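Novice: The following block contains the structure, expressed as structure tokens.
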Amino acid sequence: MEYQTPIITRFAPSPTGYLHLGHAYSAKLASDFAHERGGKFLLRIEDIDHGRCKMEYETAIYEDMHWVGLTWERPVRRQSDHMQDYLDARDILDQKQLLYPCFCTRKDIRQKIKESGRAPHDLHSEGPLYPGICRNLTAAERQDHIEAGRPYALRLDMAKALELAKDTALAWTDLEAGEQITGPEALRDIIGDVILARKDIPTSYHLSVVVDDHLQEISHIIRGKDLFQATHLHRLLQFILGYKTPLYLHHDLLTDENGRRYAKRDNAKTLKFMRENGENICL
Ligand code: GLU
């Protein structure tokens with residue numbers, strides 16, 4: 001396979017906790033991939049979630065990465081410094097009438113799903129497939145809710161997005177899994193009307209990551225297999241926003257000695273703990 005040049009990869013952690021071995025593995029893969037081919041490796045801090053991100057975690061990311069022996073280009077892009085870029089992309093989607101306000105609470109959504117008897121599922125922990133409650137509100141109903149001060153998120157109207165993309169093959173390549181086509185089934189049945197701007201934050205992981213990978217000209221996105229399905233959505237957003245599609249490599253997720261995936265929420269042993277206790281890292 002021909003590599004696109006120049007080669008630029010990135011590691012894009014969220015400072016919502018300390019990094020663990022799984023992060024070190026992913027970052028090293030991306031770094032080695034670029035450096036072995038004369039390319040560049042970037043570090044991006046994905047800190048749009050001001051409620052969960054902390055400076056102490058961000059500081060630890062830099063210290064951990066040094067400890068792992070990685071080097072990266074400067075300046076580091078911190079998403080919280082670039083909100084306007086995400087708002088600009090959001091405006092494009094809005095102008096194409098692909099977004100609608102959603103006033104639902106998690107409870108409303110759970111309730112609706114329960115009534116319909118469908119099994120919920122998660123995409124990057126962002127909640128179950130949205131059952132469309134607010135999709136068909138009238139303009140007057142939307143206005144009433146907004147005037148009443150009800151907080152709202154912005155969701156992608158997937159049916160309209162699919163209509164826009166209906167004559168285009170949304171192809172992308174995973175260097176391991178081969179060529180993929182993002183079909184309407186994956187978009188409709190797995191991703192659905194996903195949130196692109198949260199109630200508390202005017203963007204979302206999916207929108208920001210697609211914008212940044214474009215602006216930073218990432219040629220190869222190297223990240224865990226847990227994001228494989230999300231790439232279908234990212235491919236769709238690239239199409240709508242007129243961005244180039246990078247190559248992908250979704251790697252296996254590192255597991256601990258009990259075969260469990262390392263995860264921040266499971267209190268996996270952190271890199272900070274390892275470096276502060278004189279442990280060695282061998283990747
Ligand atoms: N901030 C995301 C995470 O930590 C990055 C995912 C990605 O590489 O696209 O899960």
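Residues are referred to by chain and number: the chain letter is A, B, ... according to the order shown in the structure tokens, the number counts from 1 in that chain, and ligands are numbered separately from 1 in the order shown.
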Run DSSP on the backbone and tell me which residues of segment 36-181 of chain A come out as alpha helix (DSSP H); list them as a compact mmCIF listing (two decimals) with C-alpha atoms, in the first residue's frame.

Specialist:
# COMPACT_ATOMS: atom_id res chain seq x y z
CA MET A 55 -5.12 20.41 34.63
CA GLU A 56 -3.45 17.84 36.89
CA TYR A 57 -4.36 15.09 34.40
CA GLU A 58 -3.07 17.16 31.49
CA THR A 59 0.23 17.78 33.28
CA ALA A 60 0.49 14.05 33.98
CA ILE A 61 -0.05 13.31 30.25
CA TYR A 62 3.08 15.30 29.35
CA GLU A 63 5.07 13.66 32.16
CA ASP A 64 3.85 10.17 31.23
CA MET A 65 4.64 10.66 27.56
CA HIS A 66 8.17 11.79 28.43
CA TRP A 67 8.56 8.81 30.74
CA VAL A 68 7.43 6.45 27.98
CA MET A 83 -13.88 26.26 20.13
CA GLN A 84 -14.49 28.60 17.21
CA ASP A 85 -13.23 25.97 14.77
CA TYR A 86 -15.88 23.53 16.00
CA LEU A 87 -18.57 26.20 15.90
CA ASP A 88 -17.65 26.97 12.29
CA ALA A 89 -18.04 23.31 11.33
CA ARG A 90 -21.28 23.14 13.28
CA ASP A 91 -22.54 26.14 11.29
CA ILE A 92 -21.91 24.30 8.03
CA LEU A 93 -24.00 21.35 9.24
CA ASP A 94 -26.65 23.74 10.46
CA GLN A 95 -26.80 25.58 7.13
CA ARG A 106 -31.35 10.60 29.60
CA LYS A 107 -34.44 9.48 31.48
CA ASP A 108 -36.75 10.48 28.60
CA ILE A 109 -34.59 8.45 26.22
CA ARG A 110 -34.40 5.39 28.48
CA GLN A 111 -38.14 5.50 28.96
CA LYS A 112 -38.84 5.67 25.24
CA ILE A 113 -36.47 2.81 24.50
CA LYS A 114 -38.08 0.71 27.21
CA GLU A 115 -41.50 1.33 25.71
CA SER A 116 -40.30 0.30 22.26
CA ALA A 139 -40.79 24.80 14.54
CA ALA A 140 -43.30 26.31 16.99
CA GLU A 141 -42.73 23.54 19.55
CA ARG A 142 -38.97 24.00 19.30
CA GLN A 143 -39.38 27.72 19.76
CA ASP A 144 -41.58 27.21 22.82
CA HIS A 145 -39.04 24.91 24.46
CA ILE A 146 -36.19 27.29 23.73
CA GLU A 147 -38.13 30.28 25.06
CA MET A 158 -29.22 10.96 10.12
CA ALA A 159 -32.00 10.42 7.59
CA LYS A 160 -31.24 13.80 5.98
CA ALA A 161 -27.48 13.17 6.09
CA LEU A 162 -28.00 9.82 4.36
CA GLU A 163 -30.09 11.51 1.72
CA LEU A 164 -27.24 13.93 1.08

Novice: Please, which residues in chain A fall within 8 Å of ligand 1 when counting only C-alpha atoms and all ligand atoms, and what is the closest atom pair and distance in Å to one decimal for each, ordered by chain then residue number, as JSON lines?

Specialist:
{"residue": "A:Arg10", "atom": "CA", "partner": "ligand 1", "partner_atom_place_in_ligand_line": "8 (O)", "distance": 7.7}
{"residue": "A:Phe11", "atom": "CA", "partner": "ligand 1", "partner_atom_place_in_ligand_line": "8 (O)", "distance": 6.3}
{"residue": "A:Ala12", "atom": "CA", "partner": "ligand 1", "partner_atom_place_in_ligand_line": "5 (C)", "distance": 4.8}
{"residue": "A:Pro13", "atom": "CA", "partner": "ligand 1", "partner_atom_place_in_ligand_line": "4 (O)", "distance": 4.1}
{"residue": "A:Ser14", "atom": "CA", "partner": "ligand 1", "partner_atom_place_in_ligand_line": "1 (N)", "distance": 4.5}
{"residue": "A:Ile45", "atom": "CA", "partner": "ligand 1", "partner_atom_place_in_ligand_line": "1 (N)", "distance": 7.5}
{"residue": "A:Glu46", "atom": "CA", "partner": "ligand 1", "partner_atom_place_in_ligand_line": "1 (N)", "distance": 5.1}
{"residue": "A:Asp47", "atom": "CA", "partner": "ligand 1", "partner_atom_place_in_ligand_line": "1 (N)", "distance": 7.9}
{"residue": "A:His124", "atom": "CA", "partner": "ligand 1", "partner_atom_place_in_ligand_line": "10 (O)", "distance": 7.7}
{"residue": "A:Tyr205", "atom": "CA", "partner": "ligand 1", "partner_atom_place_in_ligand_line": "1 (N)", "distance": 7.0}
{"residue": "A:Val209", "atom": "CA", "partner": "ligand 1", "partner_atom_place_in_ligand_line": "9 (O)", "distance": 6.1}
{"residue": "A:Ile221", "atom": "CA", "partner": "ligand 1", "partner_atom_place_in_ligand_line": "8 (O)", "distance": 7.2}
{"residue": "A:Ile222", "atom": "CA", "partner": "ligand 1", "partner_atom_place_in_ligand_line": "8 (O)", "distance": 7.0}
{"residue": "A:Arg223", "atom": "CA", "partner": "ligand 1", "partner_atom_place_in_ligand_line": "8 (O)", "distance": 5.1}
{"residue": "A:Gly224", "atom": "CA", "partner": "ligand 1", "partner_atom_place_in_ligand_line": "8 (O)", "distance": 7.4}
{"residue": "A:Leu227", "atom": "CA", "partner": "ligand 1", "partner_atom_place_in_ligand_line": "9 (O)", "distance": 7.1}

Novice: Please write the residues from the selection above to a file, keeping N, CA and C atoms, as a PDB file, in the first residue's frame.

Specialist:
ATOM      1  N   ARG A  10      -1.215  11.038  15.270  1.00  0.00           N
ATOM      2  CA  ARG A  10      -1.460  11.770  16.518  1.00  0.00           C
ATOM      3  C   ARG A  10      -1.918  10.830  17.620  1.00  0.00           C
ATOM      4  N   PHE A  11      -1.708  11.288  18.856  1.00  0.00           N
ATOM      5  CA  PHE A  11      -2.289  10.642  20.028  1.00  0.00           C
ATOM      6  C   PHE A  11      -3.148  11.720  20.663  1.00  0.00           C
ATOM      7  N   ALA A  12      -4.408  11.381  20.961  1.00  0.00           N
ATOM      8  CA  ALA A  12      -5.360  12.437  21.340  1.00  0.00           C
ATOM      9  C   ALA A  12      -6.098  12.100  22.638  1.00  0.00           C
ATOM     10  N   PRO A  13      -5.385  12.099  23.752  1.00  0.00           N
ATOM     11  CA  PRO A  13      -6.050  11.727  25.013  1.00  0.00           C
ATOM     12  C   PRO A  13      -6.936  12.833  25.567  1.00  0.00           C
ATOM     13  N   SER A  14      -7.900  12.428  26.366  1.00  0.00           N
ATOM     14  CA  SER A  14      -8.724  13.394  27.101  1.00  0.00           C
ATOM     15  C   SER A  14      -8.217  13.419  28.539  1.00  0.00           C
ATOM     16  N   ILE A  45      -4.606  17.479  23.018  1.00  0.00           N
ATOM     17  CA  ILE A  45      -5.329  17.339  24.278  1.00  0.00           C
ATOM     18  C   ILE A  45      -6.817  17.566  24.001  1.00  0.00           C
ATOM     19  N   GLU A  46      -7.613  16.535  24.183  1.00  0.00           N
ATOM     20  CA  GLU A  46      -9.049  16.625  23.862  1.00  0.00           C
ATOM     21  C   GLU A  46      -9.815  16.986  25.142  1.00  0.00           C
ATOM     22  N   ASP A  47      -9.849  18.277  25.395  1.00  0.00           N
ATOM     23  CA  ASP A  47     -10.339  18.751  26.699  1.00  0.00           C
ATOM     24  C   ASP A  47     -11.584  19.633  26.578  1.00  0.00           C
ATOM     25  N   HIS A 124     -19.113   4.905  21.876  1.00  0.00           N
ATOM     26  CA  HIS A 124     -18.131   5.733  22.579  1.00  0.00           C
ATOM     27  C   HIS A 124     -18.762   6.338  23.844  1.00  0.00           C
ATOM     28  N   TYR A 205     -17.264  15.157  21.119  1.00  0.00           N
ATOM     29  CA  TYR A 205     -16.057  14.423  20.719  1.00  0.00           C
ATOM     30  C   TYR A 205     -16.033  14.226  19.197  1.00  0.00           C
ATOM     31  N   VAL A 209     -13.155  15.932  16.902  1.00  0.00           N
ATOM     32  CA  VAL A 209     -12.055  15.073  16.455  1.00  0.00           C
ATOM     33  C   VAL A 209     -11.947  15.107  14.925  1.00  0.00           C
ATOM     34  N   ILE A 221      -4.780   7.815  11.078  1.00  0.00           N
ATOM     35  CA  ILE A 221      -5.360   7.850  12.422  1.00  0.00           C
ATOM     36  C   ILE A 221      -5.183   6.475  13.041  1.00  0.00           C
ATOM     37  N   ILE A 222      -4.353   6.437  14.067  1.00  0.00           N
ATOM     38  CA  ILE A 222      -4.042   5.164  14.727  1.00  0.00           C
ATOM     39  C   ILE A 222      -4.673   5.216  16.116  1.00  0.00           C
ATOM     40  N   ARG A 223      -5.642   4.359  16.334  1.00  0.00           N
ATOM     41  CA  ARG A 223      -6.362   4.365  17.607  1.00  0.00           C
ATOM     42  C   ARG A 223      -6.993   3.002  17.819  1.00  0.00           C
ATOM     43  N   GLY A 224      -7.602   2.817  18.984  1.00  0.00           N
ATOM     44  CA  GLY A 224      -8.083   1.496  19.369  1.00  0.00           C
ATOM     45  C   GLY A 224      -9.296   1.027  18.571  1.00  0.00           C
ATOM     46  N   LEU A 227     -13.007   2.279  18.640  1.00  0.00           N
ATOM     47  CA  LEU A 227     -13.536   3.417  17.865  1.00  0.00           C
ATOM     48  C   LEU A 227     -13.819   3.058  16.405  1.00  0.00           C
TER      49      LEU A 227
END

Novice: Go through A:Leu98, A:Cys104, A:Leu187, A:Ile48 one by one, measure the shortest atom-to-atom distance of each to Thr203 of chain A using only C-alpha atoms, and give the residue with the smallest value.

Specialist: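 Going through A:Leu98, A:Cys104, A:Leu187, A:Ile48 one by one, the smallest distance to Thr203 of chain A is for A:Ile48.
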
Novice: To one decimal place in Å, what is the distance between atom CA of Ala27 of chain A and atom CA of His50 of chain A?

Specialist: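 Atom CA of Ala27 of chain A sits 23.3 Å away from atom CA of His50 of chain A.
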